[in-house]
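Below is one structure, written out as C-alpha cells, with a few remarks after it.
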Amino acid sequence: MNKHQKPVLTGQRFKTRKRDEKEKFEPTVFRDTLIQGLNEAGDDLEAVAKFLDSTGTRIDDGDKTKMTNHCVFSANEDHETIRNYAQVFNKLIRRYKYLEKAFEDEMKKLLLFLKAFSEAEQTKLAMLSGILLGNGNLPANILTSLFTDSLVKEGIAASFAVKLFKAWMAEKDANSVTSSLRKANLDKRLLELFPVNRQSVDHFAQYFTDAGLKELSDFLRVQQSLGTRKELQKELQERLSQECPIKEVVLYVKEEMKRNDLPETAVIGLLWTCIMNAVEWNKKEELVAEQALKHLKQYAPLLAVFSSQGQSELILLQKVQEYCYDNIHFMKAFQKIVVLFYKADVLSEEAILKWYKEAHVAKGKSVFLDQMKKFVEWLQNAEEESESEGEEN
C-alpha cells in the first residue's frame, strides 16, 4: 500500500520574542514609524500612497503633537490639491476593501466633532468629503452626522454642507448629488441643516442660491412640492371616497394651496386623478361611458373651481386624454366627457380649440382628434357667428 506524501509548508519560521512583538505593536511605536515613513515620502503623494499600501495598516490614537507633514489640514485650499489627497484614500480603499466600512465610520465621527476644527480646517475637510462622495468612496449617509443639534444651532452644519456640495458638484455634477441624496433618503431632510425656526424652503433656497448652489435650491423646492402633492392626493382621495360634500372639499383644497403655495395648475391634475379613483368602473365599454358621465357631472362643480386659468384647462384636457388612452374601455368616452365639461363651464371653447390645434399629447392623438372633429367645427362656426353678430351690432 502506497503512502501518500504529506504536504509540506515551504518557508522558514522565525520565533519572535513576546517582548519584541509587544514593542512592534505598541501604539506610540507604530505611530512614530508610520509618521516617519510618511515624512520620508517627501512631497510626493504618490509615494505616500505606495508607503501606506505596503504598510497595509491604519493608525491608532496617539499623541497629537506628533503629526505627519502630509495632512489635508495643512494643504493648499484648492480643489486640485485636495483632490490629490482624495486619490490617496481612493487607492487604499480600492486595494484594501475592508477599509471601506472603517473609513465611513471614521468620517461620520469626524463630522460629529467639526467644532474641534478651525474654519479653514472645516473647509478643507468639506472639500475632501465632497470629492470622495463624488467619486463614490463614501456613501451619502455620512451626512447624517451634520444633523447634530450643536452643529445645526451654531450654523456649522449648513456652512459645511454648502462647501461639501460645491466640491461634490465640481467633481461630478448636480445630478450626482441629488440622486445620491434620494438613495440615502436624505432628500427630504435637507431643511434639518438649519435650526427649527429657519427650516423653511424659502430660507434654504435663499441660503443655497446665495452660495452658488441654485440647482440644490430648485431640487429641494421640487421635492417639497412632490411631498406636499402626495399628501394632498392621499387626503383628497380619502374625502372623495367618503363622499364628502363638494363645498368642504373646495375649502380644504384652497387652504392647502395657500398653506403650501401651490398653483392651480398643480392641483387640477390631482383632482382629476382622485375623482376617477373614487369609483369602481364597469369593464363593459357600452356601460362605462354612461357611468363616467353621471359621476363626472356630480364633480364638475369641483373641477370648475380649480380650472379658472387657461393653462389649468389644458392640463385637465391632457389628463382626460391620457386617462382615456390608458384605460382602453374609456377610448370612446373622451368626446362625451369633453362636451360635458364644456356645458358645465369646466372647459372653455378657447381651451378646447387650443388643445385640438396644438396642445394635445401624443397618446391616441389621431383617435381623439377624430372624435372631436365635429364638435370643434361646431365651436368654430359658433365663434364665427358670434363675431359676425358683433360686427353687425
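Labeling convention for the C-alpha cells: chains A, B, ... as they appear, residues from 1 per chain, ligands from 1 in order of appearance.
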So that I can check the surroundings of Ser145 in chain A, please list as a PDB file with C-alpha atoms, in the first residue's frame every protein, DNA and RNA residue that reaches within 6 Å of it, counting only C-alpha atoms and ignoring chain neighbours fewer than 4 positions away.
ATOM      1  CA  LYS A 108     -19.047  60.054  10.448  1.00  0.00           C
ATOM      2  CA  LEU A 111     -18.207  65.229  11.069  1.00  0.00           C
ATOM      3  CA  LEU A 112     -19.766  64.855  14.513  1.00  0.00           C
TER       4      LEU A 112
END
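The shell of residues at most 9 Å from Gln87 in chain A, with only C-alpha atoms counted and near chain neighbours (fewer than 3 positions) removed, consists of Leu45, Glu46, Ala49, Ile82, Arg83, Asn84, Asn90, Lys91, Leu92 and Leu132 of chain A.
You can rank A:Thr123, A:Asn327, A:Gln223, A:Asn185 by their closest distance to Lys163 in chain A using only C-alpha atoms, and at the top of that list sits A:Thr123.
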Excluding same-chain residues fewer than 6 positions from Lys115 in chain A, what lies within 9 Å of it counting only C-alpha atoms, as a PyMOL selection string?
chain A and resi 122+150-151+156
Those same residues - N, CA and C atoms - I'd like them written as an mmCIF file, in the first residue's frame.
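Writing the result to out22.cif gives the following:
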data_model
loop_
_atom_site.group_PDB
_atom_site.id
_atom_site.type_symbol
_atom_site.label_atom_id
_atom_site.label_comp_id
_atom_site.auth_asym_id
_atom_site.auth_seq_id
_atom_site.Cartn_x
_atom_site.Cartn_y
_atom_site.Cartn_z
ATOM 1 N N GLN A 122 -12.181 73.048 8.588
ATOM 2 C CA GLN A 122 -13.532 72.583 8.208
ATOM 3 C C GLN A 122 -13.727 72.674 6.698
ATOM 4 N N SER A 150 -25.919 70.567 18.078
ATOM 5 C CA SER A 150 -24.926 71.634 18.321
ATOM 6 C C SER A 150 -24.373 72.186 17.003
ATOM 7 N N LEU A 151 -24.159 71.331 16.019
ATOM 8 C CA LEU A 151 -23.646 71.788 14.718
ATOM 9 C C LEU A 151 -24.689 72.628 13.980
ATOM 10 N N ILE A 156 -22.761 75.614 11.800
ATOM 11 C CA ILE A 156 -21.644 74.864 11.210
ATOM 12 C C ILE A 156 -22.160 73.866 10.176
#
What's the 10 Å shell around Glu349 in chain A, counting only C-alpha atoms, without same-chain residues fewer than 3 positions away, as a PyMOL selection string?
chain A and resi 342+345+352-355+376+379-380+382-383
At a cut-off of 9 Å, using only C-alpha atoms, what residues contact range 266-278 of chain A? Leave out same-chain residues fewer than 6 positions from it and give the result as number ranges by chain.
A: 229, 232-234, 236-238, 240-243, 253, 257, 292, 295-296, 299, 302-303, 306-307, 312-313, 315-316, 319-320, 323
What is the CA of Ile142 in chain A-CA of Val88 in chain A distance in Å, reported with one decimal?
19.4 Å
Nearby residues (only C-alpha atoms) at most 10 Å from range 334-340 of chain A, same-chain spacing under 3 positions excluded, as JSON, numbers by chain
{"A": [289, 290, 292, 293, 294, 296, 297, 300, 316, 317, 320, 321, 322, 323, 324, 325, 330, 331, 343, 344, 345, 346, 347, 352, 367, 368, 369, 370, 371, 372, 373, 374, 375]}
Store the residues picked out above, limited to N, CA, C and O atoms, as a short mmCIF file (atom, residue, chain, number, x, y, z; two decimals), in the first residue's frame.
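Final file, again23.cif:
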data_model
loop_
_atom_site.label_atom_id
_atom_site.label_comp_id
_atom_site.auth_asym_id
_atom_site.auth_seq_id
_atom_site.Cartn_x
_atom_site.Cartn_y
_atom_site.Cartn_z
N ALA A 289 -69.24 54.56 -20.26
CA ALA A 289 -69.42 55.96 -20.66
C ALA A 289 -70.56 56.60 -19.87
O ALA A 289 -70.44 57.72 -19.35
N GLU A 290 -71.66 55.87 -19.77
CA GLU A 290 -72.82 56.37 -19.03
C GLU A 290 -72.48 56.56 -17.55
O GLU A 290 -72.83 57.56 -16.93
N ALA A 292 -69.46 57.05 -16.30
CA ALA A 292 -68.48 58.14 -16.18
C ALA A 292 -69.16 59.50 -16.23
O ALA A 292 -68.85 60.40 -15.44
N LEU A 293 -70.11 59.67 -17.16
CA LEU A 293 -70.78 60.96 -17.31
C LEU A 293 -71.60 61.32 -16.07
O LEU A 293 -71.62 62.47 -15.63
N LYS A 294 -72.24 60.31 -15.49
CA LYS A 294 -73.04 60.53 -14.28
C LYS A 294 -72.12 60.96 -13.13
O LYS A 294 -72.43 61.90 -12.38
N LEU A 296 -68.95 62.22 -13.33
CA LEU A 296 -68.26 63.48 -13.59
C LEU A 296 -69.19 64.69 -13.54
O LEU A 296 -68.76 65.79 -13.20
N LYS A 297 -70.45 64.47 -13.86
CA LYS A 297 -71.43 65.57 -13.75
C LYS A 297 -71.56 66.00 -12.29
O LYS A 297 -71.68 67.19 -11.99
N ALA A 300 -68.27 67.98 -11.53
CA ALA A 300 -67.92 69.10 -12.42
C ALA A 300 -67.79 70.43 -11.67
O ALA A 300 -66.86 71.20 -11.92
N LEU A 316 -56.05 69.78 -17.64
CA LEU A 316 -57.18 68.86 -17.42
C LEU A 316 -57.50 68.09 -18.70
O LEU A 316 -57.69 66.87 -18.67
N LEU A 317 -57.54 68.78 -19.82
CA LEU A 317 -57.82 68.13 -21.11
C LEU A 317 -56.77 67.04 -21.41
O LEU A 317 -57.12 65.94 -21.86
N VAL A 320 -57.41 64.05 -19.17
CA VAL A 320 -58.56 63.27 -19.65
C VAL A 320 -58.11 62.41 -20.85
O VAL A 320 -58.43 61.22 -20.93
N GLN A 321 -57.36 63.03 -21.75
CA GLN A 321 -56.86 62.31 -22.94
C GLN A 321 -56.00 61.11 -22.53
O GLN A 321 -56.20 60.00 -23.03
N GLU A 322 -55.05 61.34 -21.62
CA GLU A 322 -54.16 60.26 -21.18
C GLU A 322 -54.93 59.15 -20.47
O GLU A 322 -54.64 57.97 -20.65
N TYR A 323 -55.92 59.55 -19.65
CA TYR A 323 -56.71 58.56 -18.91
C TYR A 323 -57.51 57.67 -19.87
O TYR A 323 -57.52 56.44 -19.73
N CYS A 324 -58.14 58.29 -20.84
CA CYS A 324 -58.96 57.53 -21.79
C CYS A 324 -58.08 56.61 -22.66
O CYS A 324 -58.53 55.53 -23.05
N TYR A 325 -56.86 57.02 -22.91
CA TYR A 325 -55.95 56.18 -23.70
C TYR A 325 -55.44 55.00 -22.85
O TYR A 325 -55.37 53.86 -23.31
N PHE A 330 -62.37 53.32 -21.97
CA PHE A 330 -62.79 54.72 -21.95
C PHE A 330 -62.52 55.42 -23.29
O PHE A 330 -62.86 56.58 -23.46
N MET A 331 -61.90 54.71 -24.24
CA MET A 331 -61.47 55.32 -25.51
C MET A 331 -62.59 56.10 -26.21
O MET A 331 -62.39 57.20 -26.68
N LYS A 343 -70.19 72.08 -21.25
CA LYS A 343 -71.54 72.51 -20.83
C LYS A 343 -71.58 72.91 -19.35
O LYS A 343 -72.40 73.74 -18.96
N ALA A 344 -70.69 72.26 -18.54
CA ALA A 344 -70.68 72.55 -17.09
C ALA A 344 -69.71 73.67 -16.73
O ALA A 344 -69.41 73.90 -15.54
N ASP A 345 -69.21 74.39 -17.74
CA ASP A 345 -68.29 75.52 -17.54
C ASP A 345 -66.97 75.14 -16.86
O ASP A 345 -66.36 75.95 -16.15
N VAL A 346 -66.56 73.88 -17.08
CA VAL A 346 -65.25 73.45 -16.59
C VAL A 346 -64.20 73.82 -17.65
O VAL A 346 -63.11 74.29 -17.33
N LEU A 347 -64.57 73.63 -18.93
CA LEU A 347 -63.68 73.94 -20.05
C LEU A 347 -64.28 75.01 -20.95
O LEU A 347 -65.49 74.98 -21.23
N ILE A 352 -60.46 74.25 -25.54
CA ILE A 352 -60.72 73.07 -26.38
C ILE A 352 -60.10 73.25 -27.75
O ILE A 352 -59.45 72.34 -28.29
N VAL A 367 -57.05 59.19 -32.82
CA VAL A 367 -58.39 58.72 -32.40
C VAL A 367 -59.18 59.85 -31.77
O VAL A 367 -60.35 60.10 -32.12
N PHE A 368 -58.54 60.57 -30.83
CA PHE A 368 -59.26 61.61 -30.09
C PHE A 368 -59.52 62.87 -30.93
O PHE A 368 -60.56 63.51 -30.78
N LEU A 369 -58.58 63.21 -31.79
CA LEU A 369 -58.81 64.36 -32.67
C LEU A 369 -59.96 64.07 -33.63
O LEU A 369 -60.77 64.95 -33.92
N ASP A 370 -60.03 62.83 -34.08
CA ASP A 370 -61.12 62.42 -34.97
C ASP A 370 -62.47 62.50 -34.24
O ASP A 370 -63.46 62.96 -34.80
N GLN A 371 -62.47 62.04 -32.99
CA GLN A 371 -63.70 62.11 -32.17
C GLN A 371 -64.17 63.55 -32.00
O GLN A 371 -65.36 63.82 -31.99
N MET A 372 -63.21 64.46 -31.84
CA MET A 372 -63.53 65.85 -31.52
C MET A 372 -63.80 66.72 -32.74
O MET A 372 -64.21 67.87 -32.61
N LYS A 373 -63.56 66.18 -33.92
CA LYS A 373 -63.61 66.98 -35.15
C LYS A 373 -64.93 67.74 -35.31
O LYS A 373 -64.95 68.95 -35.53
N LYS A 374 -66.05 67.03 -35.22
CA LYS A 374 -67.37 67.67 -35.44
C LYS A 374 -67.67 68.72 -34.38
O LYS A 374 -68.20 69.79 -34.68
N PHE A 375 -67.33 68.40 -33.13
CA PHE A 375 -67.60 69.34 -32.04
C PHE A 375 -66.76 70.60 -32.20
O PHE A 375 -67.24 71.72 -31.99
#
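Of the residues under consideration (A:Val162, A:Leu220, A:Leu213, A:Ala174), A:Leu220 shows the shortest atom-to-atom contact distance to Val201 in chain A when counting only C-alpha atoms.
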